[in-house]
>>> print(open('my_file_28.cif').read())   # mmCIF, C-alpha atoms
data_protein
loop_
_atom_site.label_atom_id
_atom_site.label_comp_id
_atom_site.auth_asym_id
_atom_site.auth_seq_id
_atom_site.Cartn_x
_atom_site.Cartn_y
_atom_site.Cartn_z
CA ASN A 1 19.13 -14.77 -2.80
CA ILE A 2 16.09 -16.21 -4.54
CA LYS A 3 14.07 -13.91 -6.77
CA ASN A 4 11.16 -15.62 -8.49
CA ILE A 5 8.20 -14.20 -10.36
CA TYR A 6 5.56 -16.77 -11.29
CA ILE A 7 3.36 -15.67 -14.21
CA PHE A 8 -0.02 -17.29 -14.90
CA PRO A 9 -2.51 -16.93 -17.78
CA THR A 10 -5.29 -15.63 -15.52
CA GLU A 11 -5.69 -13.65 -12.32
CA LYS A 12 -7.61 -16.58 -10.78
CA GLU A 13 -4.73 -19.03 -11.39
CA ALA A 14 -2.16 -16.56 -9.99
CA LEU A 15 -4.26 -16.08 -6.84
CA GLU A 16 -4.83 -19.85 -6.40
CA PHE A 17 -1.09 -20.49 -6.69
CA TYR A 18 -0.30 -17.69 -4.21
CA ASN A 19 -2.89 -18.96 -1.68
CA ASN A 20 -1.32 -22.44 -1.75
CA PHE A 21 2.32 -21.33 -2.04
CA SER A 22 2.06 -18.80 0.81
CA ASN A 23 1.30 -21.67 3.21
CA PHE A 24 4.87 -22.92 2.58
CA VAL A 25 6.60 -19.59 1.90
CA PRO A 26 4.86 -16.95 4.09
CA GLU A 27 6.91 -14.03 2.69
CA SER A 28 5.60 -14.66 -0.84
CA SER A 29 3.21 -12.14 -2.39
CA HIS A 30 0.55 -11.72 -5.06
CA PHE A 31 0.77 -8.79 -7.49
CA PRO A 32 -2.83 -8.26 -8.64
CA ALA A 33 -3.85 -6.78 -11.96
CA TRP A 34 -5.81 -3.56 -12.00
CA ASP A 35 -9.55 -4.14 -11.67
CA THR A 36 -10.18 -1.65 -14.47
CA LEU A 37 -9.51 -1.78 -18.19
CA SER A 38 -6.54 0.17 -19.51
CA TYR A 39 -8.80 2.56 -21.41
CA ASP A 40 -11.19 3.19 -18.47
CA SER A 41 -11.33 6.75 -17.23
CA PHE A 42 -11.27 5.73 -13.56
CA THR A 43 -8.42 4.38 -11.43
CA PRO A 44 -8.21 0.90 -9.90
CA SER A 45 -9.73 0.28 -6.47
CA LEU A 46 -7.70 1.50 -3.50
CA GLU A 47 -7.52 -2.07 -2.16
CA ILE A 48 -5.91 -3.34 -5.41
CA GLN A 49 -3.51 -0.37 -5.48
CA GLY A 50 -2.56 -1.06 -1.84
CA LYS A 51 -1.77 -4.71 -2.56
CA ARG A 52 0.28 -3.74 -5.62
CA LEU A 53 2.22 -1.08 -3.66
CA GLN A 54 2.91 -3.51 -0.80
CA THR A 55 4.26 -6.08 -3.28
CA LEU A 56 6.36 -3.46 -5.10
CA HIS A 57 7.83 -2.40 -1.75
CA ASN A 58 8.67 -6.04 -0.93
CA ILE A 59 10.38 -6.50 -4.31
CA LEU A 60 12.39 -3.27 -3.91
CA VAL A 61 13.64 -3.88 -0.36
CA ASN A 62 13.98 -7.67 -0.03
CA GLU A 63 16.99 -9.65 -1.21
CA SER A 64 14.71 -12.64 -1.85
CA PHE A 65 11.12 -12.68 -3.04
CA HIS A 66 8.49 -14.93 -4.60
CA THR A 67 5.72 -13.10 -6.45
CA ALA A 68 2.75 -14.57 -8.31
CA MET A 69 0.99 -12.55 -10.99
CA SER A 70 -1.16 -12.90 -14.08
CA ILE A 71 0.06 -12.04 -17.57
CA LYS A 72 -2.30 -9.02 -17.37
CA SER A 73 -0.62 -7.63 -14.24
CA PHE A 74 2.83 -8.42 -15.69
CA ALA A 75 2.01 -6.42 -18.83
CA GLN A 76 0.65 -3.34 -17.02
CA LYS A 77 2.93 -0.31 -16.89
CA ILE A 78 4.31 0.55 -13.44
CA PHE A 79 4.85 4.29 -12.97
CA ILE A 80 7.23 3.91 -10.01
CA ASN A 81 11.03 4.05 -10.03
CA ASP A 82 11.38 4.47 -6.29
CA LEU A 83 8.73 3.98 -3.63
CA ASP A 84 8.42 6.38 -0.70
CA VAL A 85 6.88 4.71 2.38
CA ILE A 86 6.54 5.37 6.11
CA ASP A 87 7.76 2.49 8.27
CA LEU A 88 6.80 2.82 11.96
CA LYS A 89 7.57 0.58 14.93
CA ASN A 90 6.59 0.64 18.60
CA ARG A 91 8.90 2.70 20.82
CA GLN A 92 10.36 4.48 17.78
CA GLU A 93 11.30 8.18 18.13
CA VAL A 94 9.33 10.15 15.51
CA ASP A 95 8.79 13.88 15.09
CA PHE A 96 4.99 14.21 15.27
CA GLU A 97 4.71 17.26 12.96
CA ASN A 98 7.15 15.76 10.46
CA LEU A 99 5.12 12.52 10.37
CA ILE A 100 1.94 14.48 9.58
CA GLU A 101 3.79 16.27 6.73
CA ASN A 102 5.03 12.91 5.38
CA ILE A 103 1.53 11.40 5.55
CA SER A 104 0.17 14.39 3.60
CA TYR A 105 3.07 14.10 1.12
CA LEU A 106 2.07 10.47 0.45
CA GLY A 107 -1.35 11.80 -0.60
CA TYR A 108 -3.48 10.92 2.44
CA ILE A 109 -6.43 13.25 3.06
CA ASN A 110 -7.00 14.72 6.53
CA LYS A 111 -10.59 14.04 7.68
CA ASP A 112 -12.48 14.43 10.96
CA ARG A 113 -12.81 10.65 11.20
CA VAL A 114 -11.04 7.79 9.38
CA GLU A 115 -13.64 5.74 7.52
CA SER A 116 -11.97 4.85 4.20
CA ARG A 117 -8.57 3.99 2.77
CA GLY A 118 -6.34 6.93 1.95
CA THR A 119 -7.50 9.10 4.87
CA PHE A 120 -6.09 10.13 8.26
CA SER A 121 -7.15 12.19 11.26
CA ILE A 122 -5.35 13.82 14.16
CA ARG A 123 -6.70 13.88 17.71
CA GLY A 124 -4.36 15.21 20.37
CA GLY A 125 -1.31 12.94 20.54
CA GLN A 126 -2.81 10.34 18.25
CA ILE A 127 -2.98 9.81 14.50
CA ASP A 128 -5.54 7.49 12.91
CA ILE A 129 -4.67 6.41 9.37
CA TYR A 130 -6.12 3.92 6.90
CA PRO A 131 -3.15 2.76 4.78
CA LEU A 132 -3.97 1.51 1.30
CA ASN A 133 -2.05 -1.70 2.00
CA SER A 134 -3.86 -2.55 5.25
CA GLU A 135 -7.11 -4.42 5.86
CA TYR A 136 -7.85 -2.18 8.87
CA PRO A 137 -7.01 1.39 9.83
CA VAL A 138 -4.19 1.97 12.33
CA ARG A 139 -4.18 4.13 15.46
CA ILE A 140 -0.73 5.59 16.25
CA ILE A 141 -0.60 6.73 19.87
CA PHE A 142 2.26 9.01 20.87
CA ASN A 143 3.93 9.72 24.19
CA GLY A 144 5.84 12.90 23.35
CA ASP A 145 7.82 12.04 20.21
CA GLU A 146 7.79 8.28 20.85
CA VAL A 147 5.35 5.84 19.26
CA ALA A 148 3.77 4.43 22.45
CA GLU A 149 1.24 2.09 20.79
CA LEU A 150 0.13 0.90 17.38
CA LYS A 151 -3.37 -0.57 17.15
CA LEU A 152 -5.63 -1.84 14.41
CA PHE A 153 -9.17 -0.54 14.83
CA ASP A 154 -12.63 -0.97 13.36
CA TYR A 155 -13.50 2.09 11.24
CA ILE A 156 -17.23 1.70 11.94
CA SER A 157 -17.19 1.41 15.75
CA GLN A 158 -13.77 3.17 16.06
CA ARG A 159 -12.85 0.54 18.70
CA SER A 160 -9.42 -1.08 18.91
CA LEU A 161 -9.11 -4.62 17.56
CA LYS A 162 -5.54 -5.57 18.45
CA ASN A 163 -2.08 -4.19 19.15
CA ILE A 164 0.57 -4.49 16.44
CA GLU A 165 4.35 -4.04 16.56
CA LYS A 166 4.87 -2.17 13.27
CA VAL A 167 3.06 -0.61 10.32
CA LEU A 168 4.12 0.14 6.75
CA ILE A 169 2.28 3.04 5.10
CA THR A 170 2.48 3.12 1.30
CA PRO A 171 1.46 6.10 -0.84
CA SER A 172 -2.28 6.74 -1.18
CA SER A 173 -2.20 5.93 -4.89
CA GLU A 174 -0.09 3.89 -7.28
CA LEU A 175 0.03 7.00 -9.48
CA PHE A 176 1.09 9.11 -6.50
CA GLN A 177 4.16 10.87 -7.97
CA THR A 178 3.13 10.67 -11.57
CA ASN A 179 2.16 13.70 -13.55
CA GLN A 180 0.40 13.62 -16.92
CA ILE A 181 3.60 14.32 -18.88
CA ASP A 182 5.22 11.17 -17.41
CA ILE A 183 2.18 9.12 -18.43
CA TYR A 184 2.18 10.57 -21.95
CA LYS A 185 5.92 9.90 -22.28
CA SER A 186 5.58 6.30 -21.09
CA LEU A 187 2.74 5.70 -23.53
CA GLU A 188 4.53 7.68 -26.26
CA ILE A 189 1.53 9.96 -26.74
CA GLU A 190 1.84 13.65 -27.45
CA SER A 191 0.31 15.69 -24.64
CA LYS A 192 -1.87 17.52 -27.18
#
>>> encode(input="my_file_28.cif", output="structure tokens")
Amino acid sequence: NIKNIYIFPTEKEALEFYNNFSNFVPESSHFPAWDTLSYDSFTPSLEIQGKRLQTLHNILVNESFHTAMSIKSFAQKIFINDLDVIDLKNRQEVDFENLIENISYLGYINKDRVESRGTFSIRGGQIDIYPLNSEYPVRIIFNGDEVAELKLFDYISQRSLKNIEKVLITPSSELFQTNQIDIYKSLEIESK
């Protein structure tokens, strides 16, 4: 089991290393720093949070991993002890209603149409979802309680791009199960 974390002075150097290293070790990952300052009042972009959650999942479940990160991302507090995810595969038996509950539990917002990360919609025996950790939204087509097809689709045209075999859905936010008291405790600030 090989577990390596490569830390670089800057985000640019970490990303350059990852881009080169991933050609030789495809299962390697990049753990990006937040694209906000620690004292900003807004959260990091959903894309950055998705990449971070995907990498955290890989570190938690894989016996071996190679992760590149900057000193900034290494120093940022992670508010996750355990990471709840939904892992779906073609031809998997899944309770449709239970899946919808789990998607809502992970913080995804039910909309009429999926157009941005962190949203999902239900149409008949199909669920469209835009996972934080995915470049494209995913269409989950059911046949009864079996996943019949998984497809990536274009959120603008709503047309299918390609079939996929599996999808991992991370929470809709890195701060998904964190309440303010946990944040205050971790930062050793009184909640007053």
>>> resolve_selection(input="my_file_28.cif", expression="the PyMOL selection byres ((chain A and resi 147) around 6)", output="list in words")
Asn90, Arg91, Gln92, Phe142, Glu146, Ala148 and Glu149 of chain A
>>> closest_residue(input="my_file_28.cif", among="A:Trp34, A:Tyr130, A:Phe120, A:Phe153", to="Met69 in chain A", atoms="only C-alpha atoms")
A:Trp34
>>> closest_residue(input="my_file_28.cif", among="A:Ala33, A:Ile71, A:Ile164, A:Ile169", to="Ser104 in chain A", atoms="all atoms listed in the file")
A:Ile169
>>> atom_distance(input="my_file_28.cif", atom1="CA of Arg52 in chain A", atom2="CA of Gln126 in chain A")
27.9 Å
>>> closest_residue(input="my_file_28.cif", among="A:Gln158, A:Thr170, A:Asn98, A:Thr10", to="Leu132 in chain A", atoms="all atoms listed in the file")
A:Thr170
>>> atom_distance(input="my_file_28.cif", atom1="CA of Arg117 in chain A", atom2="CA of Val138 in chain A")
10.7 Å
>>> axis_aligned_box(input="my_file_28.cif", around="range 46-51 of chain A", padding_each_side="8 Å", output="lines of an AutoDock Vina configuration file")
center_x = -4.7
center_y = -1.6
center_z = -3.7
size_x = 21.9
size_y = 22.2
size_z = 19.6
>>> residues_around(input="my_file_28.cif", residues="Asn58 in chain A", least_positions_apart="6", cutoff="12 Å", atoms="all atoms listed in the file", output="PyMOL selection string")
chain A and resi 3+27-31+51-52+64-67+83+85+133+168+170
>>> closest_residue(input="my_file_28.cif", among="A:Glu97, A:Asp82, A:Glu47, A:Asp87", to="Lys166 in chain A", atoms="all atoms listed in the file")
A:Asp87
>>> resolve_selection(input="my_file_28.cif", expression="the PyMOL selection byres ((chain A and resi 105) around 12)", output="list of chain:residue names")
A:Asp84, A:Val85, A:Ile86, A:Asn98, A:Leu99, A:Ile100, A:Glu101, A:Asn102, A:Ile103, A:Ser104, A:Leu106, A:Gly107, A:Tyr108, A:Ile109, A:Asn110, A:Gly118, A:Ile169, A:Thr170, A:Pro171, A:Ser172, A:Ser173, A:Phe176, A:Gln177
>>> write_last_selection(input="my_file_28.cif", atoms="C-alpha atoms", output="compact mmCIF listing (two decimals), in the coordinates of the input")
# COMPACT_ATOMS: atom_id res chain seq x y z
CA ASP A 84 8.42 6.38 -0.70
CA VAL A 85 6.88 4.71 2.38
CA ILE A 86 6.54 5.37 6.11
CA ASN A 98 7.15 15.76 10.46
CA LEU A 99 5.12 12.52 10.37
CA ILE A 100 1.94 14.48 9.58
CA GLU A 101 3.79 16.27 6.73
CA ASN A 102 5.03 12.91 5.38
CA ILE A 103 1.53 11.40 5.55
CA SER A 104 0.17 14.39 3.60
CA LEU A 106 2.07 10.47 0.45
CA GLY A 107 -1.35 11.80 -0.60
CA TYR A 108 -3.48 10.92 2.44
CA ILE A 109 -6.43 13.25 3.06
CA ASN A 110 -7.00 14.72 6.53
CA GLY A 118 -6.34 6.93 1.95
CA ILE A 169 2.28 3.04 5.10
CA THR A 170 2.48 3.12 1.30
CA PRO A 171 1.46 6.10 -0.84
CA SER A 172 -2.28 6.74 -1.18
CA SER A 173 -2.20 5.93 -4.89
CA PHE A 176 1.09 9.11 -6.50
CA GLN A 177 4.16 10.87 -7.97
>>> resolve_selection(input="my_file_28.cif", expression="the PyMOL selection byres ((chain A and resi 14) around 12)", output="ChimeraX atom specification")
/A:5-13,15-22,29-33,67-74
>>> residues_around(input="my_file_28.cif", residues="Ser157 in chain A", least_positions_apart="3", cutoff="12 Å", atoms="only C-alpha atoms", output="JSON, numbers by chain")
{"A": [113, 114, 115, 137, 153, 154, 160, 161]}
>>> closest_residue(input="my_file_28.cif", among="A:Lys77, A:Ile140, A:Asp145, A:Gln54", to="Asn163 in chain A", atoms="only C-alpha atoms")
A:Ile140
>>> closest_residue(input="my_file_28.cif", among="A:Pro26, A:Pro44, A:Gly144, A:Pro131", to="Asp95 in chain A", atoms="all atoms listed in the file")
A:Gly144
>>> atom_distance(input="my_file_28.cif", atom1="CA of Ile59 in chain A", atom2="CA of Ile78 in chain A")
13.0 Å
